[in-house]
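Worksheet: the structure to be examined is printed underneath.
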Amino acid sequence: MRATRLDDLKLHVKFKLSALWTALMFCYIYGDYFGLYVPGQLKGMLEGQGPVGPTTQGSLVGTAVLLAIPGIMVFLSLILPPLLSRWLNILFGTLFTLIMLATMPGAWVFYIVLGVIEVILTGSIVWYAWTWPRAADVQREAP
């Protein structure tokens with residue numbers, strides 16, 4: 001019997017980065033949603049307590065800006081010039097890896113499971129951006 005190879009499409013790194021940011025967003029959304037089921041969470045929210053202290057307009061704006069970055073990176077990874085995209089992916093991928101590692105200790109198991117997945121995703125973002133393929137050197141012909 002003859003073995004056949006399945007055809008596969010080679011994806012550019014920009015598409016891989018965009019897909020990784022998208023997957024990361026889903027994990028964030030599910031983690032925040034499941035977090036609402038932790039006993040006392042809703043009561044604290046109704047009493048004005050946020051994850052890092054009292055809920056203020058400033059703390060919500062800061063959180064909104066921070067959490068908008070992954071969503072914006074889905075798009076920016078596709079449209080920015082390669083060099084800028086590479087460095088923003090390395091910067092924000094590293095930032096979000098560190099944030100997740102800082103928030104995991106003492107968390108419920110569901111959050112740790114999602115956190116490990118998120119660290120793998122952000123680590124992959126950094127890896128793909130760091131190892132972004134170089135364009136082949138184009139040698140000019142002498143006129």
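Residue numbers start at 1 in each chain; chains themselves are named A, B, ... in the order of the structure tokens; ligands are numbered from 1 in the order shown.
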### Message
Residues of stretch 6-143 of chain A classed as helix (DSSP H, G or I) by DSSP on the backbone are to be reported as a PyMOL selection string.
### Response
chain A and resi 13-35+41-46+57-79+82-103+109-130
Please produce an output containing C-alpha atoms for each residue in the selection, written as an mmCIF file, in the first residue's frame.
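Listed below is the output, result_36.cif:
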```
data_model
loop_
_atom_site.group_PDB
_atom_site.id
_atom_site.type_symbol
_atom_site.label_atom_id
_atom_site.label_comp_id
_atom_site.auth_asym_id
_atom_site.auth_seq_id
_atom_site.Cartn_x
_atom_site.Cartn_y
_atom_site.Cartn_z
ATOM 1 C CA VAL A 13 4.468 33.992 10.425
ATOM 2 C CA LYS A 14 2.026 36.930 10.411
ATOM 3 C CA PHE A 15 -0.933 34.528 10.236
ATOM 4 C CA LYS A 16 0.530 32.326 12.964
ATOM 5 C CA LEU A 17 0.978 35.317 15.282
ATOM 6 C CA SER A 18 -2.531 36.575 14.598
ATOM 7 C CA ALA A 19 -3.995 33.123 15.310
ATOM 8 C CA LEU A 20 -2.002 32.837 18.554
ATOM 9 C CA TRP A 21 -3.293 36.216 19.776
ATOM 10 C CA THR A 22 -6.833 35.107 18.877
ATOM 11 C CA ALA A 23 -6.488 31.856 20.836
ATOM 12 C CA LEU A 24 -5.056 33.831 23.766
ATOM 13 C CA MET A 25 -8.096 36.122 23.734
ATOM 14 C CA PHE A 26 -10.436 33.135 24.012
ATOM 15 C CA CYS A 27 -8.521 31.819 27.012
ATOM 16 C CA TYR A 28 -8.674 35.235 28.683
ATOM 17 C CA ILE A 29 -12.412 35.497 28.093
ATOM 18 C CA TYR A 30 -13.103 32.003 29.422
ATOM 19 C CA GLY A 31 -10.859 32.567 32.434
ATOM 20 C CA ASP A 32 -12.666 35.783 33.322
ATOM 21 C CA TYR A 33 -16.055 34.170 32.768
ATOM 22 C CA PHE A 34 -15.300 31.099 34.878
ATOM 23 C CA GLY A 35 -13.821 33.408 37.514
ATOM 24 C CA GLN A 41 -16.334 37.032 43.364
ATOM 25 C CA LEU A 42 -19.617 38.660 42.336
ATOM 26 C CA LYS A 43 -20.231 39.989 45.842
ATOM 27 C CA GLY A 44 -16.819 41.662 45.811
ATOM 28 C CA MET A 45 -17.481 43.123 42.370
ATOM 29 C CA LEU A 46 -20.845 44.507 43.516
ATOM 30 C CA GLN A 57 -12.601 54.709 36.646
ATOM 31 C CA GLY A 58 -8.821 54.806 36.402
ATOM 32 C CA SER A 59 -8.383 51.145 37.303
ATOM 33 C CA LEU A 60 -11.028 50.149 34.757
ATOM 34 C CA VAL A 61 -9.442 52.301 32.034
ATOM 35 C CA GLY A 62 -6.047 50.748 32.783
ATOM 36 C CA THR A 63 -7.504 47.255 32.675
ATOM 37 C CA ALA A 64 -9.379 48.042 29.453
ATOM 38 C CA VAL A 65 -6.211 49.314 27.771
ATOM 39 C CA LEU A 66 -4.200 46.320 28.971
ATOM 40 C CA LEU A 67 -6.787 43.821 27.783
ATOM 41 C CA ALA A 68 -7.317 45.616 24.466
ATOM 42 C CA ILE A 69 -3.697 44.941 23.481
ATOM 43 C CA PRO A 70 -4.144 41.242 22.604
ATOM 44 C CA GLY A 71 -7.227 42.049 20.519
ATOM 45 C CA ILE A 72 -5.412 44.816 18.682
ATOM 46 C CA MET A 73 -2.393 42.549 18.152
ATOM 47 C CA VAL A 74 -4.632 40.108 16.229
ATOM 48 C CA PHE A 75 -4.960 42.841 13.593
ATOM 49 C CA LEU A 76 -1.577 44.569 13.940
ATOM 50 C CA SER A 77 0.288 41.278 13.487
ATOM 51 C CA LEU A 78 -1.188 41.114 10.001
ATOM 52 C CA ILE A 79 -0.843 44.691 8.818
ATOM 53 C CA PRO A 82 7.578 42.962 9.638
ATOM 54 C CA LEU A 83 10.226 44.660 11.791
ATOM 55 C CA LEU A 84 7.700 46.659 13.841
ATOM 56 C CA SER A 85 5.361 43.670 14.114
ATOM 57 C CA ARG A 86 8.224 41.460 15.245
ATOM 58 C CA TRP A 87 9.275 43.773 18.072
ATOM 59 C CA LEU A 88 5.727 44.499 19.246
ATOM 60 C CA ASN A 89 4.986 40.763 19.337
ATOM 61 C CA ILE A 90 8.153 40.114 21.339
ATOM 62 C CA LEU A 91 7.393 43.012 23.721
ATOM 63 C CA PHE A 92 3.716 42.267 24.328
ATOM 64 C CA GLY A 93 4.164 38.485 24.248
ATOM 65 C CA THR A 94 6.778 38.794 26.988
ATOM 66 C CA LEU A 95 4.660 41.287 28.968
ATOM 67 C CA PHE A 96 1.591 39.059 28.935
ATOM 68 C CA THR A 97 3.667 35.995 29.835
ATOM 69 C CA LEU A 98 4.986 37.821 32.906
ATOM 70 C CA ILE A 99 1.525 39.071 33.872
ATOM 71 C CA MET A 100 0.120 35.553 33.689
ATOM 72 C CA LEU A 101 2.989 34.077 35.699
ATOM 73 C CA ALA A 102 2.473 36.770 38.353
ATOM 74 C CA THR A 103 -1.278 36.125 38.660
ATOM 75 C CA VAL A 109 -7.064 25.106 39.347
ATOM 76 C CA PHE A 110 -9.161 26.168 36.330
ATOM 77 C CA TYR A 111 -7.256 29.458 36.260
ATOM 78 C CA ILE A 112 -3.898 27.703 36.504
ATOM 79 C CA VAL A 113 -4.841 25.353 33.649
ATOM 80 C CA LEU A 114 -5.829 28.294 31.461
ATOM 81 C CA GLY A 115 -2.771 30.196 32.688
ATOM 82 C CA VAL A 116 -0.424 27.414 31.583
ATOM 83 C CA ILE A 117 -2.101 27.392 28.170
ATOM 84 C CA GLU A 118 -1.801 31.184 28.002
ATOM 85 C CA VAL A 119 1.905 31.045 28.904
ATOM 86 C CA ILE A 120 2.429 28.478 26.126
ATOM 87 C CA LEU A 121 0.562 30.734 23.686
ATOM 88 C CA THR A 122 2.447 33.903 24.641
ATOM 89 C CA GLY A 123 5.726 31.974 24.668
ATOM 90 C CA SER A 124 4.903 30.786 21.152
ATOM 91 C CA ILE A 125 4.195 34.370 20.114
ATOM 92 C CA VAL A 126 7.622 35.429 21.358
ATOM 93 C CA TRP A 127 9.262 32.408 19.716
ATOM 94 C CA TYR A 128 7.652 32.930 16.300
ATOM 95 C CA ALA A 129 8.427 36.650 16.389
ATOM 96 C CA TRP A 130 12.010 36.064 17.546
#
```
### Message
So that I can check the secondary structure, give me every residue of chain A assigned strand (DSSP E) by backbone DSSP, as a list in words.
### Response
Gln49, Gly50, Gly53 and Pro54 of chain A
C-alpha atoms of the current selection, written as a short mmCIF file (atom, residue, chain, number, x, y, z; two decimals), in the first residue's frame:
```cif
data_model
loop_
_atom_site.label_atom_id
_atom_site.label_comp_id
_atom_site.auth_asym_id
_atom_site.auth_seq_id
_atom_site.Cartn_x
_atom_site.Cartn_y
_atom_site.Cartn_z
CA GLN A 49 -13.60 45.55 44.68
CA GLY A 50 -11.47 44.84 41.64
CA GLY A 53 -8.05 46.98 44.90
CA PRO A 54 -11.04 49.30 44.81
#
```
#### Entry: Point-to-point distance in Å for atom CA of A:Leu36 and atom CA of A:Ala107
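Distance between the two atoms: 13.2 Å.
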